[in-house]
Each structure stands twice: as structure tokens, then as C-alpha cells.
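**Student:** Sharing my_file-v9.cif, mmCIF, C-alpha atoms (C1' of nucleotides):
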data_run
#
loop_
_atom_site.label_atom_id
_atom_site.label_comp_id
_atom_site.auth_asym_id
_atom_site.auth_seq_id
_atom_site.Cartn_x
_atom_site.Cartn_y
_atom_site.Cartn_z
CA MET A 1 14.68 10.14 47.90
CA GLU A 2 14.20 10.54 44.22
CA PRO A 3 14.21 14.19 43.26
CA TYR A 4 10.63 14.63 42.18
CA LYS A 5 8.83 12.26 44.50
CA LEU A 6 6.04 14.04 46.33
CA PHE A 7 3.89 12.37 48.93
CA ASP A 8 0.19 12.98 48.87
CA ALA A 9 0.12 15.82 51.36
CA GLU A 10 3.18 17.35 49.79
CA TYR A 11 1.66 17.26 46.34
CA LYS A 12 -1.50 19.03 47.46
CA PHE A 13 0.62 21.63 49.16
CA ALA A 14 2.88 22.11 46.17
CA CYS A 15 -0.21 22.62 44.03
CA LEU A 16 -1.12 25.65 46.11
CA ILE A 17 2.25 27.11 45.29
CA TRP A 18 2.18 26.22 41.61
CA ASP A 19 -1.20 27.88 41.37
CA ASN A 20 -0.25 30.99 43.33
CA GLU A 21 3.45 31.62 43.07
CA PRO A 22 5.17 33.77 43.89
CA ILE A 23 3.43 33.80 47.24
CA ASN A 24 4.37 35.34 50.52
CA SER A 25 4.89 32.73 53.24
CA THR A 26 2.37 34.22 55.62
CA ASP A 27 -0.21 34.25 52.89
CA LEU A 28 0.69 30.65 52.15
CA VAL A 29 0.03 29.79 55.78
CA LYS A 30 -3.44 31.28 55.42
CA LEU A 31 -4.05 29.52 52.14
CA SER A 32 -3.00 26.17 53.57
CA GLN A 33 -5.30 26.78 56.48
CA THR A 34 -8.33 27.36 54.30
CA LYS A 35 -7.56 24.89 51.51
CA LEU A 36 -5.98 22.06 53.47
CA GLY A 37 -6.95 22.77 57.06
CA TRP A 38 -3.31 22.99 58.10
CA LYS A 39 -1.88 24.80 61.09
CA LYS A 40 0.91 27.30 60.63
CA SER A 41 3.58 24.95 61.93
CA THR A 42 2.48 22.22 59.54
CA THR A 43 2.84 24.56 56.62
CA TYR A 44 6.31 25.65 57.65
CA THR A 45 7.41 22.08 58.32
CA VAL A 46 6.34 20.83 54.93
CA LEU A 47 7.62 23.95 53.24
CA ARG A 48 11.07 23.50 54.75
CA LYS A 49 11.26 19.86 53.75
CA LEU A 50 10.38 20.64 50.18
CA CYS A 51 12.95 23.40 50.15
CA GLU A 52 15.59 21.04 51.49
CA ARG A 53 14.75 18.64 48.72
CA GLY A 54 15.18 21.34 46.12
CA ILE A 55 11.54 21.38 45.09
CA LEU A 56 10.53 24.76 46.46
CA ARG A 57 12.37 27.88 47.47
CA ASN A 58 11.65 30.33 50.29
CA GLU A 59 13.67 33.48 50.05
CA GLY A 60 12.84 36.58 52.04
CA ALA A 61 9.44 35.11 52.86
CA LEU A 62 8.68 34.72 49.19
CA VAL A 63 7.88 31.17 48.19
CA THR A 64 8.36 29.92 44.66
CA ALA A 65 8.66 26.55 42.98
CA ILE A 66 11.94 25.28 41.65
CA ILE A 67 10.60 22.26 39.85
CA LYS A 68 7.67 22.57 37.53
CA LYS A 69 4.35 20.93 38.13
CA THR A 70 4.62 19.15 34.82
CA ASP A 71 7.89 17.59 35.88
CA ALA A 72 6.40 16.32 39.12
CA GLN A 73 3.46 14.97 37.18
CA LYS A 74 5.70 13.34 34.64
CA TYR A 75 7.55 11.59 37.42
CA GLU A 76 4.31 10.49 39.03
CA SER A 77 2.86 9.16 35.79
CA GLN A 78 5.99 7.27 34.88
CA THR A 79 6.28 5.81 38.35
CA VAL A 80 2.80 4.36 38.31
CA VAL A 81 3.25 2.93 34.83
CA GLU A 82 6.49 1.29 35.88
CA LYS A 83 5.32 -0.02 39.21
CA SER A 84 1.89 -1.23 38.32
CA PHE A 85 1.96 -1.74 34.59
CA ASN A 86 5.34 -3.17 33.92
CA GLY A 87 6.35 0.02 32.17
CA SER A 88 3.70 -0.47 29.52
CA LEU A 89 1.58 2.52 28.59
CA PRO A 90 -0.80 0.36 26.54
CA GLN A 91 -1.39 -1.78 29.61
CA PHE A 92 -2.08 1.33 31.62
CA LEU A 93 -4.53 2.69 29.09
CA THR A 94 -6.31 -0.60 28.75
CA ALA A 95 -6.76 -0.87 32.50
CA PHE A 96 -7.81 2.73 32.86
CA LEU A 97 -10.40 2.58 30.16
CA GLY A 98 -11.85 -0.74 31.20
CA ASP A 99 -15.38 -0.72 29.90
CA LYS A 100 -15.49 3.04 29.91
CA LYS A 101 -16.78 4.56 26.73
CA LEU A 102 -15.18 7.62 25.22
CA SER A 103 -17.02 10.22 23.21
CA GLU A 104 -15.77 11.03 19.72
CA LYS A 105 -14.38 14.26 21.03
CA GLU A 106 -12.45 12.67 23.87
CA ALA A 107 -11.04 10.05 21.56
CA GLU A 108 -9.95 12.68 19.10
CA GLU A 109 -8.15 14.61 21.79
CA LEU A 110 -6.29 11.56 23.00
CA LYS A 111 -5.32 10.54 19.50
CA ARG A 112 -4.06 14.02 18.83
CA ILE A 113 -1.82 13.82 21.90
CA ILE A 114 -0.46 10.54 20.66
CA GLU A 115 0.08 11.84 17.15
CA GLU A 116 1.93 14.74 18.62
CA ALA A 117 4.40 12.36 20.25
CA THR A 118 5.36 10.72 16.99
CA LYS A 119 6.73 13.87 15.42
CA MET B 1 -10.11 1.13 53.07
CA GLU B 2 -11.28 1.17 49.52
CA PRO B 3 -11.79 -2.36 48.28
CA TYR B 4 -9.04 -2.56 45.71
CA LYS B 5 -6.37 -0.39 47.25
CA LEU B 6 -3.09 -2.27 47.46
CA PHE B 7 0.02 -0.81 49.02
CA ASP B 8 3.30 -1.25 47.25
CA ALA B 9 4.43 -4.35 49.08
CA GLU B 10 0.97 -5.82 48.84
CA TYR B 11 0.81 -5.27 45.13
CA LYS B 12 4.10 -7.04 44.49
CA PHE B 13 2.92 -9.90 46.63
CA ALA B 14 -0.44 -10.14 44.93
CA CYS B 15 1.36 -10.27 41.60
CA LEU B 16 3.05 -13.48 42.66
CA ILE B 17 -0.35 -14.98 43.28
CA TRP B 18 -1.91 -13.67 40.08
CA ASP B 19 0.97 -15.15 38.17
CA ASN B 20 0.95 -18.50 39.94
CA GLU B 21 -2.49 -19.25 41.27
CA PRO B 22 -3.68 -21.55 42.51
CA ILE B 23 -0.64 -21.88 44.70
CA ASN B 24 -0.04 -23.81 47.85
CA SER B 25 0.73 -21.55 50.80
CA THR B 26 4.03 -23.21 51.64
CA ASP B 27 5.13 -22.82 48.06
CA LEU B 28 4.07 -19.20 48.22
CA VAL B 29 6.28 -18.73 51.26
CA LYS B 30 9.20 -20.03 49.23
CA LEU B 31 8.31 -17.89 46.25
CA SER B 32 8.06 -14.77 48.39
CA GLN B 33 11.41 -15.61 49.89
CA THR B 34 13.14 -15.83 46.53
CA LYS B 35 11.26 -13.08 44.70
CA LEU B 36 10.74 -10.55 47.47
CA GLY B 37 13.22 -11.63 50.14
CA TRP B 38 10.41 -12.08 52.65
CA LYS B 39 10.45 -14.28 55.73
CA LYS B 40 7.71 -16.80 56.26
CA SER B 41 5.94 -14.73 58.88
CA THR B 42 5.89 -11.70 56.61
CA THR B 43 4.23 -13.72 53.90
CA TYR B 44 1.56 -15.05 56.22
CA THR B 45 0.95 -11.63 57.75
CA VAL B 46 0.39 -9.98 54.40
CA LEU B 47 -1.56 -12.94 53.10
CA ARG B 48 -3.95 -12.80 56.03
CA LYS B 49 -4.52 -9.08 55.65
CA LEU B 50 -5.34 -9.41 51.99
CA CYS B 51 -7.69 -12.27 52.78
CA GLU B 52 -9.43 -10.19 55.44
CA ARG B 53 -9.89 -7.45 52.89
CA GLY B 54 -11.44 -9.86 50.43
CA ILE B 55 -8.67 -9.63 47.90
CA LEU B 56 -7.20 -13.10 48.27
CA ARG B 57 -8.44 -16.40 49.59
CA ASN B 58 -6.57 -19.11 51.47
CA GLU B 59 -8.56 -22.31 51.77
CA GLY B 60 -6.98 -25.56 52.80
CA ALA B 61 -3.54 -24.04 52.22
CA LEU B 62 -4.48 -23.21 48.66
CA VAL B 63 -4.15 -19.56 47.84
CA THR B 64 -6.14 -17.94 45.08
CA ALA B 65 -7.10 -14.41 44.12
CA ILE B 66 -10.61 -13.12 44.55
CA ILE B 67 -10.17 -9.87 42.74
CA LYS B 68 -8.57 -9.79 39.34
CA LYS B 69 -5.31 -8.10 38.59
CA THR B 70 -7.00 -5.98 35.97
CA ASP B 71 -9.42 -4.66 38.57
CA ALA B 72 -6.62 -3.71 40.94
CA GLN B 73 -4.82 -2.05 38.06
CA LYS B 74 -7.92 -0.21 37.01
CA TYR B 75 -8.31 1.15 40.50
CA GLU B 76 -4.67 2.16 40.63
CA SER B 77 -4.75 3.89 37.27
CA GLN B 78 -7.91 5.80 38.07
CA THR B 79 -6.58 6.83 41.45
CA VAL B 80 -3.44 8.37 40.03
CA VAL B 81 -5.35 10.18 37.32
CA GLU B 82 -7.73 11.61 39.89
CA LYS B 83 -5.15 12.54 42.48
CA SER B 84 -2.44 13.96 40.29
CA PHE B 85 -4.17 14.91 37.06
CA ASN B 86 -7.46 16.29 38.14
CA GLY B 87 -9.24 13.28 36.67
CA SER B 88 -8.06 14.15 33.19
CA LEU B 89 -6.65 11.35 31.07
CA PRO B 90 -5.38 13.79 28.45
CA GLN B 91 -3.41 15.59 31.16
CA PHE B 92 -1.97 12.29 32.28
CA LEU B 93 -0.97 11.29 28.78
CA THR B 94 0.58 14.65 28.07
CA ALA B 95 2.66 14.51 31.23
CA PHE B 96 3.66 10.91 30.65
CA LEU B 97 4.76 11.44 27.11
CA GLY B 98 6.61 14.66 27.76
CA ASP B 99 9.20 14.86 25.03
CA LYS B 100 9.18 11.13 24.54
CA LYS B 101 8.86 10.02 20.98
CA LEU B 102 6.66 7.14 20.00
CA SER B 103 7.31 4.83 17.10
CA GLU B 104 4.62 4.40 14.45
CA LYS B 105 3.88 1.00 15.87
CA GLU B 106 3.46 2.20 19.43
CA ALA B 107 1.26 5.05 18.33
CA GLU B 108 -0.90 2.67 16.32
CA GLU B 109 -1.34 0.40 19.28
CA LEU B 110 -2.38 3.24 21.55
CA LYS B 111 -4.79 4.63 19.00
CA ARG B 112 -6.30 1.20 18.56
CA ILE B 113 -6.92 0.98 22.31
CA ILE B 114 -8.62 4.36 22.22
CA GLU B 115 -10.71 3.45 19.19
CA GLU B 116 -11.78 0.34 20.99
CA ALA B 117 -13.19 2.44 23.82
CA THR B 118 -15.47 4.41 21.54
CA LYS B 119 -17.50 1.44 20.38
"C1'" DT C 1 7.50 50.30 75.72
"C1'" DC C 2 4.88 46.80 75.08
"C1'" DG C 3 2.07 43.86 72.78
"C1'" DA C 4 0.74 42.12 68.46
"C1'" DC C 5 2.24 40.37 64.33
"C1'" DG C 6 5.40 38.41 60.79
"C1'" DG C 7 8.33 34.75 59.95
"C1'" DG C 8 9.95 31.31 61.27
"C1'" DT C 9 12.45 26.65 64.24
"C1'" DT C 10 12.47 22.81 67.57
"C1'" DT C 11 10.51 19.14 69.22
"C1'" DA C 12 6.65 15.91 69.68
"C1'" DT C 13 2.78 12.89 68.61
"C1'" DT C 14 0.27 9.72 65.97
"C1'" DG C 15 -0.80 6.28 62.85
"C1'" DA C 16 0.12 3.03 59.69
"C1'" DA C 17 3.10 0.36 56.25
"C1'" DA C 18 6.64 -3.04 56.15
"C1'" DT C 19 8.83 -6.69 58.15
"C1'" DA C 20 9.80 -10.35 61.20
"C1'" DA C 21 10.82 -13.11 65.67
"C1'" DA C 22 8.84 -16.32 68.43
"C1'" DC C 23 5.58 -19.35 69.21
"C1'" DC C 24 1.90 -23.02 68.31
"C1'" DT C 25 -0.29 -27.50 66.78
"C1'" DA C 26 -1.00 -31.48 63.88
"C1'" DA C 27 0.78 -34.59 60.77
"C1'" DT C 28 4.61 -37.18 58.96
"C1'" DT C 29 8.74 -39.66 58.69
"C1'" DG C 30 13.20 -41.86 59.84
"C1'" DC D 1 9.01 -42.01 69.57
"C1'" DA D 2 11.71 -38.12 68.45
"C1'" DA D 3 12.57 -34.92 65.17
"C1'" DT D 4 10.98 -32.48 61.31
"C1'" DT D 5 7.82 -30.25 58.43
"C1'" DA D 6 3.52 -27.94 57.08
"C1'" DG D 7 0.71 -24.38 58.05
"C1'" DG D 8 -0.12 -21.19 60.38
"C1'" DT D 9 -0.95 -17.01 64.66
"C1'" DT D 10 0.56 -13.57 68.09
"C1'" DT D 11 3.08 -10.03 69.10
"C1'" DA D 12 6.80 -6.73 68.18
"C1'" DT D 13 9.91 -3.52 65.91
"C1'" DT D 14 11.11 -0.03 62.79
"C1'" DT D 15 10.40 3.55 59.87
"C1'" DC D 16 8.33 7.44 58.18
"C1'" DA D 17 4.38 10.40 56.53
"C1'" DA D 18 1.32 13.66 58.50
"C1'" DT D 19 0.38 17.00 61.66
"C1'" DA D 20 0.99 20.22 65.24
"C1'" DA D 21 2.19 22.45 69.90
"C1'" DA D 22 5.25 25.35 71.86
"C1'" DC D 23 8.63 28.32 71.48
"C1'" DC D 24 11.78 32.16 69.48
"C1'" DC D 25 13.14 36.74 67.79
"C1'" DG D 26 12.82 41.11 65.40
"C1'" DT D 27 9.93 44.98 64.18
"C1'" DC D 28 6.39 48.27 64.25
"C1'" DG D 29 2.34 50.85 65.52
"C1'" DA D 30 -0.44 52.82 69.55
#
Could you show the structure in this file as C-alpha cells?
**Tutor:**
Amino acid sequence: MEPYKLFDAEYKFACLIWDNEPINSTDLVKLSQTKLGWKKSTTYTVLRKLCERGILRNEGALVTAIIKKTDAQKYESQTVVEKSFNGSLPQFLTAFLGDKKLSEKEAEELKRIIEEATK
Amino acid sequence: MEPYKLFDAEYKFACLIWDNEPINSTDLVKLSQTKLGWKKSTTYTVLRKLCERGILRNEGALVTAIIKKTDAQKYESQTVVEKSFNGSLPQFLTAFLGDKKLSEKEAEELKRIIEEATK
DNA sequence: TCGACGGGTTTATTGAAATAAACCTAATTG
DNA sequence: CAATTAGGTTTATTTCAATAAACCCGTCGA
């Protein structure tokens, strides 16, 4: 498995941790119950797998993230561009935008992000 | 199933058709063999499923696409932005670019695509 | 001192994606 | 006409993501 690959359920779960870390494991069980509808055992199963894969850590019932959300997102974004868009960001953008219209403000923000990446 | 959702294997297969349509089904079997390493039955199984879902058509052994590649890509791009980036294209772009540096030319191209979506 | 609770592990179950073996029938060709 | 080929369908198999039931063990408060 590639280091940062998170499956759908895993990603949602990891988001709980990124948003709440450090979090006690029992509290995480409760949070998963309310936010994801998961049973205790499900939470611990997924938690252990992500720990084994070096993505999370559970030490003394305190759960934290080892990899950052931005790194997981970076992996996810690059994977989709590679797999579905031949590695081409312009192709991705073109497809995403389609006939969608952007406001001036949105366009400015995007262009600023792009500018930023040329420096 | 959402109309345009293609699983990984299905997407690769559909790409063969988008790139070669109209294509005779027997030729498609050969193409899938060489490009994807698929057996004949695999090709026909996947082909039938995509036909049932209204994505491809197989009429008189002639295979064509019903939905366009750009539409499948659009769906894919929007799905990833929703699922992993909270629906925010700026967040996606930021994550994708990371520390990557763009050349002037690449930046221009991206900005042009964005400009285009404001008209 | 026992029962509830915290903090887990072990072991299943289910469902679906990915792939293919085995079979079928009609047409064609040597 | 016998064998091959085209063009499929039917039925499995395998793998793995997603989810959970059932169990375990130490501790702590009543």
C-alpha cells in the first residue's frame, strides 16, 4: 500500500482526528459513533490499521496523527490527476470547470494560488 | 449507482473505447488483451456492465461510447473535490501544488483556463 | 468484592470490484 | 462436413473494504 492512500471510510475517520487531535481513544469512539455511526469495535479496527500503516498513533489511549491532512490531500489530488487526467492539471481544471462560471473573486483567488506556485 | 461513476478498471477500459471508437467487439477483446492484459470474458463482462449502465453501447458487435470522456472526467474531478476538499477548488489546487513550482508557461495556461470560466 | 467502565483484541460477516473459466450458437472456411 | 472463428453469456473465484459482534483484562468506586 502506498503510504498516504486512505480509503473513503478511513479518510472520514482520519478527518475526525485531524480536527480534534490529540484525542482520547474513548472520546474518539464516541465521536465516531455520532459523526459516522460507527460501533466501538469498528473504530478500534480502523484505528489500528491506520496506526499499523504509520498514519496515526495511539499511545496511552491518546490518538494523534502522524501524517498531516495536507499530505494525504496532496496524495489524493495527485493520484486523481494521474489516473484520470494523464497527469495534466490543465486537463483536470478544464474538466472540473466545464461550463461552470466563476465569479471575479473566485477567479482571483485561483490565480493567486497559481501565481504563488511560480515563485 | 451515479450515472457517470466508473471504477478504476472500468475507466481504463472505457478509455480504450474513447480512443478507438467505433470499434468492433472482437478487436476490442484483442486491444484489452494487449493493453490491459484482460481475457476475453473479462472484456465482455465489463463491456456488458457498462452497457447496462448506459455508458457504452454494443450494437451489431460495434462498440461505441454513449457518454463522453469529458463528462466522466468532470464527474470524477467534482467527486474528488467534494469528498476530499470540502467542495473547494482552491483547497484542491493548494494541496496539489504543494511546493511544486510552475513554469511561466504552465501558469499562463492555467490562468487562461480560469479566465475562460469567468466569461 | 463486584460490577461497571476504560481500553482495547480476535474473529466474523458482508458486499462488491476485478477477473476469468467454461460454455454456447451461428457463421465461415479448408 | 469438420474444424475454426466470431460474438457472446453464465457462473465462479478471489480479494479486500467496511463494519461489527463477542470477548478480554485491569481498575476503581459503591
**Student:** Which residue gives the smallest distance to chain A among B:Glu82, B:Glu104, B:Glu52, B:Glu59, with only C-alpha atoms counted?
**Tutor:** B:Glu104
**Student:** Would you give me, as number ranges by chain, the residues of chain D that come within 9 Å of chain A, using only C-alpha atoms (C1' of nucleotides)?
**Tutor:** D: 17-21
**Student:** Would you mind listing, as JSON, numbers by chain, all residues of chain B that have at least one atom within 10 Å of chain A, where only C-alpha atoms are what counts?
**Tutor:** {"B": [8, 11, 12, 15, 69, 70, 71, 72, 73, 74, 75, 76, 77, 78, 79, 80, 81, 83, 84, 85, 89, 90, 91, 92, 93, 94, 95, 96, 97, 98, 99, 100, 101, 102, 103, 104, 105, 106, 107, 108, 109, 110, 111, 112, 113, 114, 115, 116, 117, 118, 119]}
**Student:** With 10 Å as the cut-off and all atoms listed in the file counted, what is the closest atom pair between each nearby residue of chain C and chain B? Distances in Å to one decimal, ordered by chain and number, as JSON lines.
**Tutor:**
{"residue": "C:DA17", "atom": "C1'", "partner": "B:Phe7", "partner_atom": "CA", "distance": 7.9}
{"residue": "C:DA18", "atom": "C1'", "partner": "B:Ala9", "partner_atom": "CA", "distance": 7.5}
{"residue": "C:DT19", "atom": "C1'", "partner": "B:Thr42", "partner_atom": "CA", "distance": 6.0}
{"residue": "C:DA20", "atom": "C1'", "partner": "B:Thr42", "partner_atom": "CA", "distance": 6.2}
{"residue": "C:DA21", "atom": "C1'", "partner": "B:Ser41", "partner_atom": "CA", "distance": 8.5}
**Student:** Let me know the residues the PyMOL selection byres ((chain B and resi 53) around 12) catches in the file above, as a count of residues only.
**Tutor:** 21
**Student:** The coordinates of chain B, once least-squares superposed on chain A over all sequentially paired C-alpha atoms, should be supplied as a CSV table (one decimal) with C-alpha atoms, keeping the file's coordinate frame.
**Tutor:**
chain,number,residue,atom,x,y,z
B,1,MET,CA,14.8,10.2,47.8
B,2,GLU,CA,14.3,10.6,44.1
B,3,PRO,CA,14.3,14.2,43.2
B,4,TYR,CA,10.7,14.7,42.1
B,5,LYS,CA,8.9,12.3,44.5
B,6,LEU,CA,6.1,14.0,46.3
B,7,PHE,CA,4.0,12.3,48.9
B,8,ASP,CA,0.3,12.9,48.9
B,9,ALA,CA,0.2,15.8,51.4
B,10,GLU,CA,3.2,17.3,49.8
B,11,TYR,CA,1.7,17.2,46.3
B,12,LYS,CA,-1.5,19.0,47.4
B,13,PHE,CA,0.6,21.6,49.1
B,14,ALA,CA,2.9,22.1,46.2
B,15,CYS,CA,-0.2,22.6,44.0
B,16,LEU,CA,-1.1,25.6,46.1
B,17,ILE,CA,2.2,27.1,45.3
B,18,TRP,CA,2.2,26.2,41.6
B,19,ASP,CA,-1.2,27.8,41.4
B,20,ASN,CA,-0.3,31.0,43.3
B,21,GLU,CA,3.4,31.6,43.0
B,22,PRO,CA,5.1,33.8,43.9
B,23,ILE,CA,3.4,33.8,47.2
B,24,ASN,CA,4.3,35.3,50.5
B,25,SER,CA,4.8,32.7,53.2
B,26,THR,CA,2.3,34.2,55.6
B,27,ASP,CA,-0.3,34.2,52.9
B,28,LEU,CA,0.6,30.6,52.1
B,29,VAL,CA,0.0,29.7,55.8
B,30,LYS,CA,-3.5,31.2,55.4
B,31,LEU,CA,-4.1,29.5,52.1
B,32,SER,CA,-3.0,26.1,53.6
B,33,GLN,CA,-5.3,26.7,56.5
B,34,THR,CA,-8.3,27.3,54.3
B,35,LYS,CA,-7.6,24.8,51.5
B,36,LEU,CA,-6.0,22.0,53.5
B,37,GLY,CA,-6.9,22.7,57.1
B,38,TRP,CA,-3.3,22.9,58.1
B,39,LYS,CA,-1.9,24.7,61.1
B,40,LYS,CA,0.9,27.2,60.6
B,41,SER,CA,3.6,24.9,61.9
B,42,THR,CA,2.5,22.1,59.5
B,43,THR,CA,2.8,24.5,56.6
B,44,TYR,CA,6.3,25.6,57.6
B,45,THR,CA,7.4,22.0,58.3
B,46,VAL,CA,6.4,20.8,54.9
B,47,LEU,CA,7.6,23.9,53.2
B,48,ARG,CA,11.1,23.5,54.7
B,49,LYS,CA,11.3,19.9,53.7
B,50,LEU,CA,10.4,20.7,50.1
B,51,CYS,CA,13.0,23.4,50.1
B,52,GLU,CA,15.6,21.1,51.5
B,53,ARG,CA,14.8,18.7,48.7
B,54,GLY,CA,15.2,21.4,46.1
B,55,ILE,CA,11.6,21.4,45.1
B,56,LEU,CA,10.5,24.8,46.4
B,57,ARG,CA,12.3,27.9,47.4
B,58,ASN,CA,11.6,30.4,50.2
B,59,GLU,CA,13.6,33.6,50.0
B,60,GLY,CA,12.8,36.6,52.0
B,61,ALA,CA,9.4,35.1,52.8
B,62,LEU,CA,8.6,34.7,49.2
B,63,VAL,CA,7.8,31.2,48.2
B,64,THR,CA,8.3,29.9,44.6
B,65,ALA,CA,8.6,26.6,43.0
B,66,ILE,CA,11.9,25.3,41.6
B,67,ILE,CA,10.6,22.3,39.8
B,68,LYS,CA,7.7,22.6,37.5
B,69,LYS,CA,4.4,20.9,38.1
B,70,THR,CA,4.6,19.2,34.8
B,71,ASP,CA,7.9,17.6,35.9
B,72,ALA,CA,6.4,16.3,39.1
B,73,GLN,CA,3.5,15.0,37.2
B,74,LYS,CA,5.7,13.3,34.7
B,75,TYR,CA,7.6,11.6,37.4
B,76,GLU,CA,4.3,10.5,39.0
B,77,SER,CA,2.9,9.2,35.8
B,78,GLN,CA,6.0,7.2,34.9
B,79,THR,CA,6.3,5.8,38.4
B,80,VAL,CA,2.8,4.4,38.4
B,81,VAL,CA,3.2,2.9,34.9
B,82,GLU,CA,6.4,1.2,35.9
B,83,LYS,CA,5.3,0.0,39.3
B,84,SER,CA,1.8,-1.2,38.4
B,85,PHE,CA,1.9,-1.8,34.7
B,86,ASN,CA,5.3,-3.2,34.0
B,87,GLY,CA,6.3,0.0,32.2
B,88,SER,CA,3.7,-0.5,29.6
B,89,LEU,CA,1.5,2.5,28.6
B,90,PRO,CA,-0.8,0.4,26.6
B,91,GLN,CA,-1.5,-1.8,29.7
B,92,PHE,CA,-2.1,1.3,31.7
B,93,LEU,CA,-4.6,2.7,29.1
B,94,THR,CA,-6.4,-0.6,28.8
B,95,ALA,CA,-6.8,-0.8,32.6
B,96,PHE,CA,-7.8,2.8,32.9
B,97,LEU,CA,-10.4,2.6,30.2
B,98,GLY,CA,-11.9,-0.7,31.2
B,99,ASP,CA,-15.4,-0.6,30.0
B,100,LYS,CA,-15.5,3.2,29.9
B,101,LYS,CA,-16.8,4.7,26.8
B,102,LEU,CA,-15.2,7.7,25.2
B,103,SER,CA,-17.0,10.3,23.2
B,104,GLU,CA,-15.7,11.1,19.7
B,105,LYS,CA,-14.3,14.3,21.0
B,106,GLU,CA,-12.4,12.7,23.9
B,107,ALA,CA,-11.0,10.1,21.6
B,108,GLU,CA,-9.9,12.7,19.1
B,109,GLU,CA,-8.1,14.7,21.8
B,110,LEU,CA,-6.2,11.6,23.0
B,111,LYS,CA,-5.3,10.6,19.5
B,112,ARG,CA,-4.0,14.0,18.8
B,113,ILE,CA,-1.8,13.8,21.9
B,114,ILE,CA,-0.4,10.5,20.7
B,115,GLU,CA,0.1,11.8,17.2
B,116,GLU,CA,2.0,14.7,18.7
B,117,ALA,CA,4.5,12.3,20.3
B,118,THR,CA,5.4,10.7,17.0
B,119,LYS,CA,6.8,13.8,15.4
**Student:** Once the PyMOL selection byres ((chain C and resi 28) around 10) has been applied to the shown file, what residues remain in the selection, as a PyMOL selection string?
**Tutor:** (chain C and resi 26-27+29-30) or (chain D and resi 4-6)
**Student:** Neighbours of DG7 in chain C within 12 Å (all atoms listed in the file; same-chain residues fewer than 2 positions away dropped), as an MDAnalysis selection string?
**Tutor:** (chainID A and resid 24:29 40:41 44 58:62) or (chainID C and resid 5 9) or (chainID D and resid 24:27)
**Student:** How would the residues just picked look written out with C-alpha atoms (C1' of nucleotides) as a tab-separated table (two decimals), in the frame of the given file?
**Tutor:**
chain	number	residue	atom	x	y	z
A	24	ASN	CA	4.37	35.34	50.52
A	25	SER	CA	4.89	32.73	53.24
A	26	THR	CA	2.37	34.22	55.62
A	27	ASP	CA	-0.21	34.25	52.89
A	28	LEU	CA	0.69	30.65	52.15
A	29	VAL	CA	0.03	29.79	55.78
A	40	LYS	CA	0.91	27.30	60.63
A	41	SER	CA	3.58	24.95	61.93
A	44	TYR	CA	6.31	25.65	57.65
A	58	ASN	CA	11.65	30.33	50.29
A	59	GLU	CA	13.67	33.48	50.05
A	60	GLY	CA	12.84	36.58	52.04
A	61	ALA	CA	9.44	35.11	52.86
A	62	LEU	CA	8.68	34.72	49.19
C	5	DC	C1'	2.24	40.37	64.33
C	9	DT	C1'	12.45	26.65	64.24
D	24	DC	C1'	11.78	32.16	69.48
D	25	DC	C1'	13.14	36.74	67.79
D	26	DG	C1'	12.82	41.11	65.40
D	27	DT	C1'	9.93	44.98	64.18
**Student:** Separation of C1' of DT13 in chain C and C1' of DT10 in chain D, in Å?
**Tutor:** 26.6 Å
**Student:** So how many Å separate CA of Ile23 in chain B and CA of Thr64 in chain B, to one decimal?
**Tutor:**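 It comes out at 6.8 Å.
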**Student:** Do you know which residues the PyMOL selection byres ((chain C and resi 2) around 12) returns on this file, as a compact mmCIF listing (two decimals) with C-alpha atoms (C1' of nucleotides), keeping the file's coordinate frame?
**Tutor:**
# COMPACT_ATOMS: atom_id res chain seq x y z
C1' DT C 1 7.50 50.30 75.72
C1' DG C 3 2.07 43.86 72.78
C1' DA C 4 0.74 42.12 68.46
C1' DC D 28 6.39 48.27 64.25
C1' DG D 29 2.34 50.85 65.52
C1' DA D 30 -0.44 52.82 69.55
**Student:** In Å, how far is it from CA of Ser88 in chain A to CA of Gly37 in chain B?
**Tutor:**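 Interatomic distance, CA of Ser88 in chain A to CA of Gly37 in chain B: 25.3 Å.
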